[in-house]
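Have a look at coords_2.txt; it's compact mmCIF, C-alpha atoms:
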# COMPACT_ATOMS: atom_id res chain seq x y z
CA MET A 29 0.00 0.00 0.00
CA VAL A 30 1.30 3.41 -0.87
CA MET A 31 1.20 5.78 2.05
CA ALA A 32 -0.48 9.04 1.38
CA THR A 33 2.02 11.84 1.68
CA GLU A 34 -0.40 14.68 1.42
CA PHE A 35 -3.05 15.78 3.84
CA ASN A 36 -5.44 18.63 4.28
CA PHE A 37 -4.32 21.59 6.34
CA GLU A 38 -6.40 24.52 7.48
CA LEU A 39 -5.19 27.60 9.30
CA VAL A 40 -8.10 29.56 10.72
CA SER A 41 -8.13 32.77 12.70
CA PRO A 42 -11.33 34.17 14.21
CA GLU A 43 -11.47 36.73 11.44
CA ARG A 44 -10.89 34.51 8.46
CA LEU A 45 -9.65 31.31 6.90
CA LEU A 46 -6.00 31.88 6.01
CA VAL A 47 -4.89 28.60 4.49
CA SER A 48 -6.85 25.68 3.25
CA GLY A 49 -5.24 23.16 1.02
CA SER A 50 -3.24 20.05 0.45
CA VAL A 51 0.13 20.05 2.18
CA SER A 52 2.91 17.57 2.75
CA GLU A 53 4.30 18.86 6.01
CA VAL A 54 3.45 21.41 8.70
CA VAL A 55 5.59 22.50 11.65
CA ILE A 56 3.50 23.62 14.60
CA PRO A 57 4.77 25.43 17.70
CA ALA A 58 2.92 23.24 20.21
CA THR A 59 3.03 24.13 23.88
CA GLU A 60 5.21 21.17 24.70
CA GLY A 61 7.66 21.74 21.88
CA GLU A 62 7.58 22.13 18.14
CA MET A 63 6.10 19.25 16.25
CA THR A 64 6.08 18.34 12.61
CA VAL A 65 2.81 17.00 11.33
CA MET A 66 2.81 14.73 8.31
CA ALA A 67 0.16 12.55 6.78
CA ASN A 68 -1.24 9.74 8.93
CA HIS A 69 -0.34 11.43 12.17
CA ALA A 70 -1.97 9.93 15.24
CA PRO A 71 -5.05 11.87 16.34
CA THR A 72 -3.76 14.59 18.60
CA MET A 73 -5.09 17.73 20.10
CA THR A 74 -2.66 20.27 21.40
CA THR A 75 -2.50 23.86 22.49
CA ILE A 76 -0.18 26.24 20.72
CA LYS A 77 2.22 28.86 21.97
CA PRO A 78 3.12 32.04 20.11
CA GLY A 79 5.44 31.05 17.29
CA VAL A 80 5.91 30.42 13.61
CA VAL A 81 3.99 27.84 11.61
CA THR A 82 5.84 26.54 8.60
CA VAL A 83 3.66 25.07 5.90
CA LYS A 84 5.08 22.98 3.06
CA PHE A 85 2.49 22.68 0.34
CA ALA A 86 2.01 19.61 -1.81
CA ASP A 87 3.53 21.44 -4.77
CA GLY A 88 6.70 22.14 -2.81
CA LYS A 89 5.93 25.79 -2.04
CA LYS A 90 6.75 26.93 1.49
CA ASP A 91 4.96 29.52 3.57
CA ARG A 92 5.42 30.84 7.07
CA TYR A 93 2.80 32.32 9.39
CA VAL A 94 3.11 33.94 12.77
CA VAL A 95 0.48 32.73 15.24
CA PHE A 96 -0.37 33.82 18.76
CA GLY A 97 -1.83 31.06 20.85
CA GLY A 98 -4.59 28.69 19.88
CA PHE A 99 -4.82 24.98 19.41
CA ALA A 100 -4.50 22.32 16.75
CA ASP A 101 -6.70 19.37 15.99
CA ILE A 102 -4.78 16.67 14.17
CA VAL A 103 -6.30 13.57 12.61
CA PRO A 104 -4.69 11.12 10.15
CA THR A 105 -6.28 12.81 7.14
CA GLY A 106 -5.96 16.42 8.12
CA CYS A 107 -4.92 19.10 10.50
CA THR A 108 -6.86 22.15 11.64
CA LEU A 109 -5.06 24.93 13.38
CA LEU A 110 -7.25 27.42 15.19
CA ALA A 111 -5.12 30.43 16.01
CA GLU A 112 -6.21 33.30 18.16
CA SER A 113 -4.41 35.54 15.73
CA ALA A 114 -2.48 34.63 12.61
CA VAL A 115 -0.61 36.65 10.02
CA HIS A 116 1.69 35.89 7.15
CA VAL A 117 5.33 36.47 8.02
CA ASP A 118 5.62 39.14 5.32
CA ASP A 119 2.68 41.09 6.75
CA PHE A 120 3.93 40.84 10.28
CA LYS A 121 4.69 44.08 12.06
CA ASN A 122 7.04 44.56 14.95
CA GLU A 123 4.62 46.93 16.75
CA ASP A 124 2.16 44.11 17.12
CA ILE A 125 4.48 41.97 19.17
CA VAL A 126 5.79 44.94 21.14
CA ARG A 127 2.20 45.79 22.08
CA ARG A 128 1.59 42.25 23.27
CA ILE A 129 4.78 42.19 25.29
CA GLU A 130 3.83 45.45 26.97
CA ALA A 131 0.35 44.16 27.74
CA ALA A 132 1.79 40.97 29.23
CA ARG A 133 4.23 42.99 31.35
CA ALA A 134 1.40 45.16 32.65
CA GLU A 135 -0.55 42.03 33.49
CA LEU A 136 2.44 40.59 35.29
CA SER A 137 2.57 43.52 37.68
CA HIS A 138 -1.08 42.84 38.62
CA ALA A 139 -0.71 39.09 38.97
CA LYS A 140 -1.46 37.84 42.45
CA SER A 141 -0.84 34.11 42.63
CA ASP A 142 2.42 32.44 41.74
CA ASP A 143 0.65 30.23 39.25
CA GLN A 144 -0.65 33.23 37.40
CA LYS A 145 2.77 34.87 37.47
CA PHE A 146 4.40 31.76 36.14
CA GLY A 147 1.88 31.55 33.30
CA ILE A 148 2.42 35.13 32.23
CA GLU A 149 6.19 34.86 32.51
CA THR A 150 6.20 31.80 30.29
CA TYR A 151 4.05 33.64 27.77
CA LEU A 152 6.39 36.62 27.92
CA ALA A 153 9.42 34.43 27.32
CA GLU A 154 7.71 32.85 24.31
CA LEU A 155 6.88 36.26 22.92
CA THR A 156 10.43 37.54 23.26
CA THR A 157 11.80 34.42 21.61
CA LEU A 158 9.36 34.86 18.78
CA GLN A 159 10.40 38.48 18.41
CA GLY A 160 14.00 37.35 18.09
CA ILE A 161 13.06 34.89 15.35
CA VAL A 162 10.73 36.98 13.25
CA VAL A 163 12.00 40.52 13.48
CA PRO A 164 15.20 41.01 11.53
CA ALA A 165 17.82 42.67 13.70
CA MET B 3 -53.41 78.21 3.88
CA PRO B 4 -49.66 78.40 3.33
CA SER B 5 -48.49 80.79 0.69
CA LEU B 6 -46.84 79.68 -2.56
CA LYS B 7 -43.43 80.60 -1.23
CA ASP B 8 -43.97 78.55 1.94
CA LEU B 9 -44.93 75.53 -0.09
CA LYS B 10 -41.90 75.94 -2.31
CA ASN B 11 -39.61 76.08 0.72
CA ARG B 12 -41.17 72.99 2.21
CA ILE B 13 -40.81 71.02 -0.98
CA ALA B 14 -37.16 72.02 -1.13
CA SER B 15 -36.53 70.93 2.45
CA VAL B 16 -38.26 67.57 2.02
CA LYS B 17 -36.22 67.00 -1.11
CA ALA B 18 -33.03 67.71 0.81
CA THR B 19 -34.07 65.23 3.51
CA GLN B 20 -34.85 62.64 0.89
CA LYS B 21 -31.41 63.03 -0.56
CA ILE B 22 -29.86 62.47 2.85
CA THR B 23 -31.91 59.36 3.62
CA LYS B 24 -31.16 57.98 0.20
CA ALA B 25 -27.45 58.47 0.71
CA MET B 26 -27.66 56.85 4.14
CA LYS B 27 -29.46 53.90 2.65
CA MET B 28 -26.74 53.39 0.09
CA VAL B 29 -24.02 53.69 2.73
CA ALA B 30 -25.86 51.15 4.89
CA ALA B 31 -26.13 48.79 1.92
CA ALA B 32 -22.40 48.97 1.29
CA LYS B 33 -21.62 48.47 4.97
CA LEU B 34 -24.08 45.61 5.17
CA ARG B 35 -22.25 43.77 2.44
CA ARG B 36 -18.96 44.24 4.22
CA ALA B 37 -20.48 43.14 7.53
CA GLN B 38 -21.93 40.05 5.92
CA GLU B 39 -18.57 39.20 4.42
CA ALA B 40 -16.93 39.59 7.82
CA ALA B 41 -19.54 37.37 9.43
CA GLU B 42 -19.05 34.80 6.70
CA ALA B 43 -15.26 34.87 7.10
CA ALA B 44 -15.57 34.30 10.83
CA ARG B 45 -17.83 31.31 10.44
CA PRO B 46 -15.21 28.57 9.81
CA TYR B 47 -13.45 29.36 13.07
CA SER B 48 -16.54 29.15 15.26
CA GLN B 49 -17.70 26.01 13.45
CA ARG B 50 -14.39 24.22 13.98
CA MET B 51 -14.28 25.52 17.51
CA SER B 52 -17.61 24.03 18.47
CA ALA B 53 -16.71 20.74 16.76
CA VAL B 54 -13.48 20.48 18.73
CA LEU B 55 -15.22 21.60 21.90
CA ALA B 56 -17.88 18.95 21.53
CA ASN B 57 -15.21 16.32 21.00
CA ILE B 58 -13.14 17.24 23.96
CA ALA B 59 -16.03 17.88 26.32
CA GLN B 60 -17.14 14.37 25.61
CA ALA B 61 -13.69 13.07 26.44
CA VAL B 62 -13.47 14.97 29.70
CA GLY B 63 -17.05 14.20 30.57
CA GLN B 64 -18.77 15.60 33.60
CA ASP B 65 -16.09 14.64 36.11
CA ASP B 66 -14.51 17.03 38.56
CA SER B 67 -11.74 18.10 36.25
CA ALA B 68 -14.20 20.06 34.12
CA PRO B 69 -13.36 23.75 34.47
CA ARG B 70 -15.56 25.98 36.59
CA LEU B 71 -16.55 28.05 33.58
CA MET B 72 -18.44 25.00 32.40
CA THR B 73 -19.87 23.66 35.62
CA GLY B 74 -20.71 27.11 36.98
CA THR B 75 -20.63 28.04 40.64
CA GLY B 76 -23.55 25.81 41.46
CA LYS B 77 -25.73 28.81 42.27
CA ASP B 78 -27.78 31.15 40.16
CA GLN B 79 -28.17 34.08 42.49
CA VAL B 80 -26.25 36.80 40.67
CA HIS B 81 -26.85 37.25 36.95
CA LEU B 82 -24.65 39.20 34.60
CA LEU B 83 -26.23 40.45 31.40
CA VAL B 84 -24.04 41.55 28.54
CA VAL B 85 -26.22 43.65 26.26
CA CYS B 86 -24.80 44.31 22.81
CA THR B 87 -26.43 47.06 20.78
CA ALA B 88 -25.40 49.46 18.06
CA GLU B 89 -23.54 52.69 18.58
CA ARG B 90 -25.84 54.74 16.42
CA GLY B 91 -29.55 55.17 16.01
CA LEU B 92 -31.65 55.71 12.89
CA CYS B 93 -32.04 51.99 12.37
CA GLY B 94 -35.68 51.37 13.12
CA GLY B 95 -36.50 49.21 16.10
CA PHE B 96 -33.16 47.45 16.10
CA ASN B 97 -31.77 48.79 19.37
CA SER B 98 -35.03 48.98 21.24
CA GLN B 99 -35.82 45.35 20.40
CA ILE B 100 -32.62 44.11 22.00
CA ALA B 101 -33.07 46.47 24.94
CA ARG B 102 -36.64 45.31 25.42
CA LEU B 103 -35.60 41.67 25.56
CA ALA B 104 -32.90 42.53 28.11
CA ARG B 105 -35.36 44.64 30.10
CA ASP B 106 -37.97 41.90 30.28
CA HIS B 107 -35.31 39.45 31.32
CA THR B 108 -34.04 41.81 34.02
CA ARG B 109 -37.53 42.42 35.39
CA LYS B 110 -38.22 38.72 35.56
CA LEU B 111 -34.95 38.08 37.42
CA LEU B 112 -35.51 40.95 39.82
CA ALA B 113 -39.05 39.78 40.51
CA SER B 114 -37.76 36.36 41.52
CA GLY B 115 -35.32 37.94 43.96
CA LYS B 116 -32.10 37.58 41.97
CA THR B 117 -29.35 40.15 41.74
CA VAL B 118 -28.70 41.55 38.28
CA LYS B 119 -25.60 43.24 36.92
CA ILE B 120 -25.45 44.69 33.43
CA ILE B 121 -22.60 45.39 31.05
CA CYS B 122 -23.60 47.51 28.07
CA VAL B 123 -21.77 47.16 24.79
CA GLY B 124 -22.75 50.01 22.53
CA LYS B 125 -24.11 53.41 23.36
CA LYS B 126 -27.75 52.98 22.39
CA GLY B 127 -28.47 50.09 24.71
CA PHE B 128 -26.87 52.02 27.52
CA ASP B 129 -29.09 55.03 26.80
CA ILE B 130 -32.24 52.93 26.91
CA LEU B 131 -31.40 50.77 29.91
CA ARG B 132 -30.03 53.68 31.90
CA ARG B 133 -33.53 55.09 32.37
CA GLU B 134 -34.70 52.12 34.36
CA PHE B 135 -31.68 50.24 35.65
CA ALA B 136 -29.01 52.91 36.09
CA SER B 137 -27.90 51.38 39.39
CA LEU B 138 -27.49 47.90 37.90
CA ILE B 139 -25.13 48.88 35.10
CA ILE B 140 -21.63 48.06 36.28
CA ASP B 141 -19.72 48.74 33.11
CA ARG B 142 -20.03 49.84 29.52
CA VAL B 143 -17.91 49.17 26.50
CA ASP B 144 -17.60 51.82 23.87
CA LEU B 145 -16.95 50.67 20.33
CA ARG B 146 -17.69 53.99 18.68
CA GLU B 147 -14.11 54.58 17.61
CA VAL B 148 -13.83 51.07 16.19
CA LYS B 149 -14.21 51.15 12.42
CA ARG B 150 -14.07 47.44 11.90
CA ILE B 151 -14.76 45.06 14.72
CA GLY B 152 -11.82 42.75 15.24
CA PHE B 153 -11.41 39.71 17.40
CA ALA B 154 -9.35 41.83 19.81
CA ASN B 155 -12.46 43.86 20.71
CA ALA B 156 -14.43 40.76 21.51
CA ASP B 157 -11.51 39.23 23.36
CA GLN B 158 -11.32 42.29 25.58
CA ILE B 159 -14.97 41.94 26.57
CA GLY B 160 -14.48 38.20 27.07
CA HIS B 161 -11.54 38.80 29.40
CA LYS B 162 -13.57 41.30 31.35
CA VAL B 163 -16.40 38.81 31.81
CA ILE B 164 -14.07 35.99 32.81
CA GLY B 165 -12.21 38.28 35.20
CA LEU B 166 -15.48 39.14 36.94
CA PHE B 167 -16.40 35.47 37.10
CA GLU B 168 -13.09 34.57 38.72
CA GLN B 169 -13.64 37.25 41.33
CA GLY B 170 -16.97 35.62 42.10
CA GLU B 171 -18.96 38.63 40.94
CA PHE B 172 -21.70 36.59 39.28
CA ASP B 173 -22.97 33.05 38.78
CA VAL B 174 -24.68 33.11 35.40
CA CYS B 175 -23.82 35.20 32.36
CA THR B 176 -26.18 35.84 29.47
CA LEU B 177 -25.34 37.60 26.24
CA PHE B 178 -27.97 39.68 24.43
CA TYR B 179 -27.60 40.46 20.77
CA SER B 180 -29.54 40.36 17.54
CA GLU B 181 -29.40 37.37 15.26
CA PHE B 182 -29.14 38.39 11.63
CA LYS B 183 -31.81 36.48 9.72
CA SER B 184 -32.17 38.71 6.69
CA VAL B 185 -32.10 42.37 5.77
CA ILE B 186 -35.62 42.88 7.01
CA SER B 187 -35.61 40.55 9.96
CA GLN B 188 -33.29 40.54 12.94
CA ILE B 189 -34.20 38.46 15.93
CA PRO B 190 -33.13 39.61 19.39
CA THR B 191 -31.53 36.64 21.11
CA ALA B 192 -30.37 35.72 24.59
CA LEU B 193 -27.45 33.31 24.79
CA GLN B 194 -26.09 31.81 27.98
CA LEU B 195 -22.31 32.14 28.13
CA ILE B 196 -21.50 30.92 31.62
CA PRO B 197 -21.90 28.17 32.65
CA ALA B 198 -20.97 27.19 29.12
CA SER B 199 -22.90 24.37 27.63
CA ALA B 200 -20.90 22.06 25.41
CA PRO B 201 -22.36 21.77 21.93
CA ALA B 202 -23.85 18.40 21.17
CA VAL B 203 -21.64 16.10 19.16
CA ALA B 204 -22.91 15.76 15.64
CA ALA B 205 -23.72 12.17 14.75
CA GLU B 206 -21.32 11.90 11.84
CA THR B 207 -18.30 13.20 13.74
CA THR B 208 -18.58 10.62 16.49
CA GLY B 209 -17.51 7.92 14.09
CA ALA B 210 -14.14 9.54 13.52
CA ASN B 211 -13.81 9.99 17.21
CA ALA B 212 -10.70 7.88 17.57
CA ILE B 213 -8.60 7.86 20.68
CA TYR B 214 -7.01 11.24 20.82
CA ASP B 215 -3.64 12.16 22.24
CA TYR B 216 -3.98 15.28 24.31
CA GLU B 217 -1.10 17.61 24.89
CA PRO B 218 -0.79 18.68 27.71
CA ASP B 219 -4.00 16.88 28.78
CA ALA B 220 -7.69 17.03 28.00
CA GLY B 221 -8.61 19.01 31.10
CA ALA B 222 -5.96 21.65 30.47
CA ILE B 223 -6.95 22.04 26.84
CA LEU B 224 -10.58 22.37 27.80
CA GLY B 225 -9.65 24.96 30.40
CA ASP B 226 -7.85 26.89 27.68
CA LEU B 227 -10.60 26.42 25.15
CA ILE B 228 -13.63 27.57 27.07
CA PRO B 229 -12.47 31.14 27.73
CA ARG B 230 -11.51 31.32 24.08
CA ASN B 231 -14.91 30.04 23.08
CA ILE B 232 -16.57 32.75 25.14
CA SER B 233 -14.61 35.38 23.23
CA VAL B 234 -15.56 33.70 19.97
CA GLN B 235 -19.24 33.76 20.92
CA ILE B 236 -19.01 37.45 21.76
CA PHE B 237 -17.18 38.11 18.52
CA ARG B 238 -19.88 36.34 16.56
CA ALA B 239 -22.56 38.29 18.41
CA LEU B 240 -20.85 41.57 17.60
CA LEU B 241 -20.55 40.68 13.92
CA GLU B 242 -24.17 39.57 13.74
CA ASN B 243 -25.10 42.83 15.42
CA VAL B 244 -23.23 44.95 12.89
CA ALA B 245 -24.88 43.12 10.02
CA GLY B 246 -28.28 43.42 11.69
CA GLU B 247 -27.81 47.09 12.41
CA MET B 248 -26.93 47.82 8.81
CA GLY B 249 -29.86 45.75 7.55
CA ALA B 250 -32.26 47.54 9.87
CA LYS B 251 -30.80 50.90 8.93
CA MET B 252 -31.12 50.10 5.27
CA SER B 253 -34.80 49.26 5.49
CA ALA B 254 -35.49 52.19 7.83
CA MET B 255 -33.83 54.59 5.40
CA ASP B 256 -35.63 52.99 2.48
CA ASN B 257 -38.93 53.67 4.23
CA ALA B 258 -37.91 57.22 5.01
CA THR B 259 -36.96 57.85 1.39
CA ARG B 260 -40.27 56.49 0.21
CA ASN B 261 -42.20 58.59 2.72
CA ALA B 262 -40.34 61.69 1.62
CA GLY B 263 -41.24 60.88 -2.00
CA GLU B 264 -44.93 60.65 -1.12
CA MET B 265 -44.75 63.89 0.79
CA ILE B 266 -43.11 65.66 -2.14
CA ASN B 267 -45.88 64.44 -4.47
CA LYS B 268 -48.55 65.72 -2.14
CA LEU B 269 -46.89 69.07 -1.65
CA THR B 270 -46.29 69.50 -5.37
CA LEU B 271 -49.94 68.82 -6.11
CA ASN B 272 -50.91 71.37 -3.52
CA TYR B 273 -48.44 73.86 -4.93
CA ASN B 274 -49.72 73.49 -8.50
CA ARG B 275 -53.32 73.80 -7.43
CA GLN B 276 -52.59 76.99 -5.58
CA ARG B 277 -50.62 78.47 -8.42
CA GLN B 278 -53.53 77.72 -10.78
CA ALA B 279 -55.94 79.36 -8.34
CA GLN B 280 -53.79 82.47 -8.29
CA ILE B 281 -53.60 82.66 -12.09
CA THR B 282 -57.39 82.28 -12.35
CA LYS B 283 -57.84 84.98 -9.77
CA GLU B 284 -55.57 87.37 -11.68
CA LEU B 285 -57.39 86.60 -14.96
CA ILE B 286 -60.75 87.30 -13.38
CA GLU B 287 -59.43 90.63 -12.13
CA ILE B 288 -58.22 91.64 -15.59
CA ILE B 289 -61.38 90.52 -17.35
CA SER B 290 -63.74 92.17 -14.91
CA GLY B 291 -61.59 95.32 -15.14
CA ALA B 292 -61.90 95.33 -18.95
CA GLU B 293 -65.65 94.74 -18.79
CA ALA B 294 -66.13 97.71 -16.51
CA LEU B 295 -64.76 100.11 -19.17

Can the structure from this file be put into structure tokens for me?
Amino acid sequence: MVMATEFNFELVSPERLLVSGSVSEVVIPATEGEMTVMANHAPTMTTIKPGVVTVKFADGKKDRYVVFGGFADIVPTGCTLLAESAVHVDDFKNEDIVRRIEAARAELSHAKSDDQKFGIETYLAELTTLQGIVVPA
Amino acid sequence: MPSLKDLKNRIASVKATQKITKAMKMVAAAKLRRAQEAAEAARPYSQRMSAVLANIAQAVGQDDSAPRLMTGTGKDQVHLLVVCTAERGLCGGFNSQIARLARDHTRKLLASGKTVKIICVGKKGFDILRREFASLIIDRVDLREVKRIGFANADQIGHKVIGLFEQGEFDVCTLFYSEFKSVISQIPTALQLIPASAPAVAAETTGANAIYDYEPDAGAILGDLIPRNISVQIFRALLENVAGEMGAKMSAMDNATRNAGEMINKLTLNYNRQRQAQITKELIEIISGAEAL
């Protein structure tokens, strides 16, 4: 039996459907580490941290998107990524991430419990890492 | 009897009004199309969201690990109403319909001894509800400066609601908005946000419901998903509202334009009749003058 090498990938943000098509490989910044999804992946559901999604289309074209949080629903025949906010790397603006970092910092100063603080600090670290990756120095 | 000049002035002013209402109708039509497109574009996300939510809620089940946003506080003493209306008027009964539904709901809750808190989204709802329930309104959200409603706006409201819930400010949260059925019909709707009810699993999806791997784990994902789903629901409500407002405005302005047209016809008829009467009168004066010679 020939294994299918292509599967259906959808990247959806609350405002619109960004990508929908046949792809051969997608790299997702899952909360517990980056993961590469290929066809016939075991059914998985995972949350996503702020990061870059790399999509390799069936025709060999590559595309990169910046996402902020969300989750992915992976089944053997497809993968749906629901992002809280998603933009193409080319359309990405530095101000956007700076605004988020500032908001997270403000939130941190109001945080009461250690758990909350830890959560926000992790988020902040992810954001700064992402800034380092995406924004050219 | 108004003079000829008065009539002429009135016709001119009604014509000017008609031009304005006509322009407003066309603007509303253009905005309606955009609003509908936005609502359409947002649909895939909320559809997928409820599918995933149904799946995962089934996996977690009703055990103790279900987040509090879903199980609620176990009481229903304090109710929070989030009333979404438009920022502007001149759209027929659109705003008052939503406000009326919220008002009836509030009265019913108050009558049964519950405590009610209200958050107003949009200026018009605030104006209407302020008359009766000024002391119950705890907050209002102004979207007047927002040209195009984004998810960020909805997310902000969602965070506010969840923040209040975590502080134990209320037990049940209901969202009021207008469902967009068609250009001429918008249905005011009440939707319970908290405790969130998991959407029923569609029959055909259960088949594909293989054993899922959850990262980190089902409970944690659900805990992350539900707040997000609340924001999505609010976002959808806001988009529906914009579309509904524009639809209502369009038909209201269409009516106004038509009324103005009728009025112009009536006034013109009146004007012509009076002008004719004046001409006849002048003729009679001339003729009777000539006969007297």

Residue neighbourhood segment 252-259 of chain B, 8 Å, only C-alpha atoms, exclusion window fewer than 4 positions, as a ChimeraX atom specification: /B:20-21,23-24,26-28,30-31,92-94,185-186,248,263

I need the chain B residues near chain A as a PyMOL selection string; criterion: at most 7 Å, counting all atoms listed in the file. chain B and resi 43-44+46-47+153+213-218+223

Quick one: everything within 12 Å of Asp124 of chain A, counting all atoms listed in the file, minus sequence neighbours fewer than 2 positions away in the same chain. Send it as a list in words. Val94, Val95, Phe96, Ser113, Ala114, Val115, Asp119, Phe120, Lys121, Asn122, Val126, Arg127, Arg128, Ile129, Glu130, Ala131, Leu155, Leu158, Gln159, Val162 and Val163 of chain A

Computed gap from atom CA of Thr87 of chain B to atom CA of Cys122 of chain B is 7.8 Å

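The coordinates place atom CA of Gln79 of chain B at 8.6 Å from atom CA of Val118 of chain B.
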
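Every protein or nucleic acid residue with an atom no more than 10 Å from Pro104 of chain A, counting all atoms listed in the file and leaving out same-chain residues fewer than 6 positions away, appears here: Ala32, Phe35, Asn36, Val65, Met66, Ala67, Asn68, His69, Ala70, Pro71 and Thr72 of chain A.
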
Take the residues that were just selected and, keeping C-alpha atoms, output them as a PDB file, keeping the file's coordinate frame.
ATOM      1  CA  ALA A  32      -0.480   9.040   1.380  1.00  0.00           C
ATOM      2  CA  PHE A  35      -3.050  15.780   3.840  1.00  0.00           C
ATOM      3  CA  ASN A  36      -5.440  18.630   4.280  1.00  0.00           C
ATOM      4  CA  VAL A  65       2.810  17.000  11.330  1.00  0.00           C
ATOM      5  CA  MET A  66       2.810  14.730   8.310  1.00  0.00           C
ATOM      6  CA  ALA A  67       0.160  12.550   6.780  1.00  0.00           C
ATOM      7  CA  ASN A  68      -1.240   9.740   8.930  1.00  0.00           C
ATOM      8  CA  HIS A  69      -0.340  11.430  12.170  1.00  0.00           C
ATOM      9  CA  ALA A  70      -1.970   9.930  15.240  1.00  0.00           C
ATOM     10  CA  PRO A  71      -5.050  11.870  16.340  1.00  0.00           C
ATOM     11  CA  THR A  72      -3.760  14.590  18.600  1.00  0.00           C
TER      12      THR A  72
END

What is the distance, in Å and to one decimal place, between atom CA of Ala279 of chain B and atom CA of Ala262 of chain B?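 Distance between the two atoms: 25.6 Å.
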
With all atoms of segment 89-104 of chain B from the file as input, state the centre and edge lengths in Å to one decimal of the axis-aligned box that has 3 Å extra on each side, as AutoDock Vina command-line options.
--center_x -30.1 --center_y 48.7 --center_z 20.2 --size_x 19.1 --size_y 20.0 --size_z 21.7

Env of segment 160-169 of chain B: 8 Å cut, atoms = all atoms listed in the file, seq-sep filter 5 positions within chain, self excluded. Answer as a short mmCIF file (atom, residue, chain, number, x, y, z; two decimals) with C-alpha atoms, keeping the file's coordinate frame.
data_model
loop_
_atom_site.label_atom_id
_atom_site.label_comp_id
_atom_site.auth_asym_id
_atom_site.auth_seq_id
_atom_site.Cartn_x
_atom_site.Cartn_y
_atom_site.Cartn_z
CA PRO B 229 -12.47 31.14 27.73
CA ILE B 232 -16.57 32.75 25.14
CA SER B 233 -14.61 35.38 23.23
CA ILE B 236 -19.01 37.45 21.76
#

Using all atoms listed in the file, determine which residues lie at most 6 Å from Phe37 of chain A, disregarding the query and same-chain residues fewer than 2 positions distant; provide the list as a list in words. Ser48, Gly49, Gly106, Cys107 and Thr108 of chain A

The selected residues should be written to file as an mmCIF file, keeping the file's coordinate frame (atoms: C-alpha atoms).
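Done, and the output landed in out-v1.cif:
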data_model
loop_
_atom_site.group_PDB
_atom_site.id
_atom_site.type_symbol
_atom_site.label_atom_id
_atom_site.label_comp_id
_atom_site.auth_asym_id
_atom_site.auth_seq_id
_atom_site.Cartn_x
_atom_site.Cartn_y
_atom_site.Cartn_z
ATOM 1 C CA SER A 48 -6.850 25.680 3.250
ATOM 2 C CA GLY A 49 -5.240 23.160 1.020
ATOM 3 C CA GLY A 106 -5.960 16.420 8.120
ATOM 4 C CA CYS A 107 -4.920 19.100 10.500
ATOM 5 C CA THR A 108 -6.860 22.150 11.640
#

Within 12 Å of file point (-45.5, 64.2, 0.7), counting all atoms listed in the file, expressed as number ranges by chain: B: 9, 12-17, 19-20, 258-273

Tell me which residues come within 8 Å of (-23.3, 35.4, 41.3), as a PyMOL selection string, counting all atoms listed in the file in the file's coordinates. chain B and resi 75+77-82+117+170-174

From the list B:Leu34, B:Met51, B:Ala88, B:Ala294, the nearest residue to Val148 of chain B using only C-alpha atoms is B:Ala88

Please determine, counting only C-alpha atoms, which residue among A:Gly97, A:Gly88, A:Gly160, A:Gly147 has the shortest atom-to-atom distance to Ile56 of chain A.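 Of A:Gly97, A:Gly88, A:Gly160, A:Gly147, the one nearest Ile56 of chain A, counting only C-alpha atoms, is A:Gly97.
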
Complete the atoms of segment 113-121 of chain B to N, CA and C atoms and put them out as an mmCIF file, keeping the file's coordinate frame.
data_model
loop_
_atom_site.group_PDB
_atom_site.id
_atom_site.type_symbol
_atom_site.label_atom_id
_atom_site.label_comp_id
_atom_site.auth_asym_id
_atom_site.auth_seq_id
_atom_site.Cartn_x
_atom_site.Cartn_y
_atom_site.Cartn_z
ATOM 1 N N ALA B 113 -37.811 40.182 39.851
ATOM 2 C CA ALA B 113 -39.050 39.780 40.510
ATOM 3 C C ALA B 113 -38.868 38.494 41.295
ATOM 4 N N SER B 114 -37.955 37.612 40.800
ATOM 5 C CA SER B 114 -37.760 36.360 41.520
ATOM 6 C C SER B 114 -36.626 36.486 42.536
ATOM 7 N N GLY B 115 -36.254 37.710 42.857
ATOM 8 C CA GLY B 115 -35.320 37.940 43.960
ATOM 9 C C GLY B 115 -33.854 37.760 43.623
ATOM 10 N N LYS B 116 -33.509 37.751 42.332
ATOM 11 C CA LYS B 116 -32.100 37.580 41.970
ATOM 12 C C LYS B 116 -31.421 38.950 41.888
ATOM 13 N N THR B 117 -30.109 38.918 41.926
ATOM 14 C CA THR B 117 -29.350 40.150 41.740
ATOM 15 C C THR B 117 -28.926 40.220 40.273
ATOM 16 N N VAL B 118 -29.037 41.398 39.695
ATOM 17 C CA VAL B 118 -28.700 41.550 38.280
ATOM 18 C C VAL B 118 -27.608 42.596 38.130
ATOM 19 N N LYS B 119 -26.625 42.261 37.291
ATOM 20 C CA LYS B 119 -25.600 43.240 36.920
ATOM 21 C C LYS B 119 -25.585 43.325 35.404
ATOM 22 N N ILE B 120 -25.378 44.513 34.894
ATOM 23 C CA ILE B 120 -25.450 44.690 33.430
ATOM 24 C C ILE B 120 -24.163 45.310 32.913
ATOM 25 N N ILE B 121 -23.681 44.744 31.804
ATOM 26 C CA ILE B 121 -22.600 45.390 31.050
ATOM 27 C C ILE B 121 -23.182 45.800 29.706
#
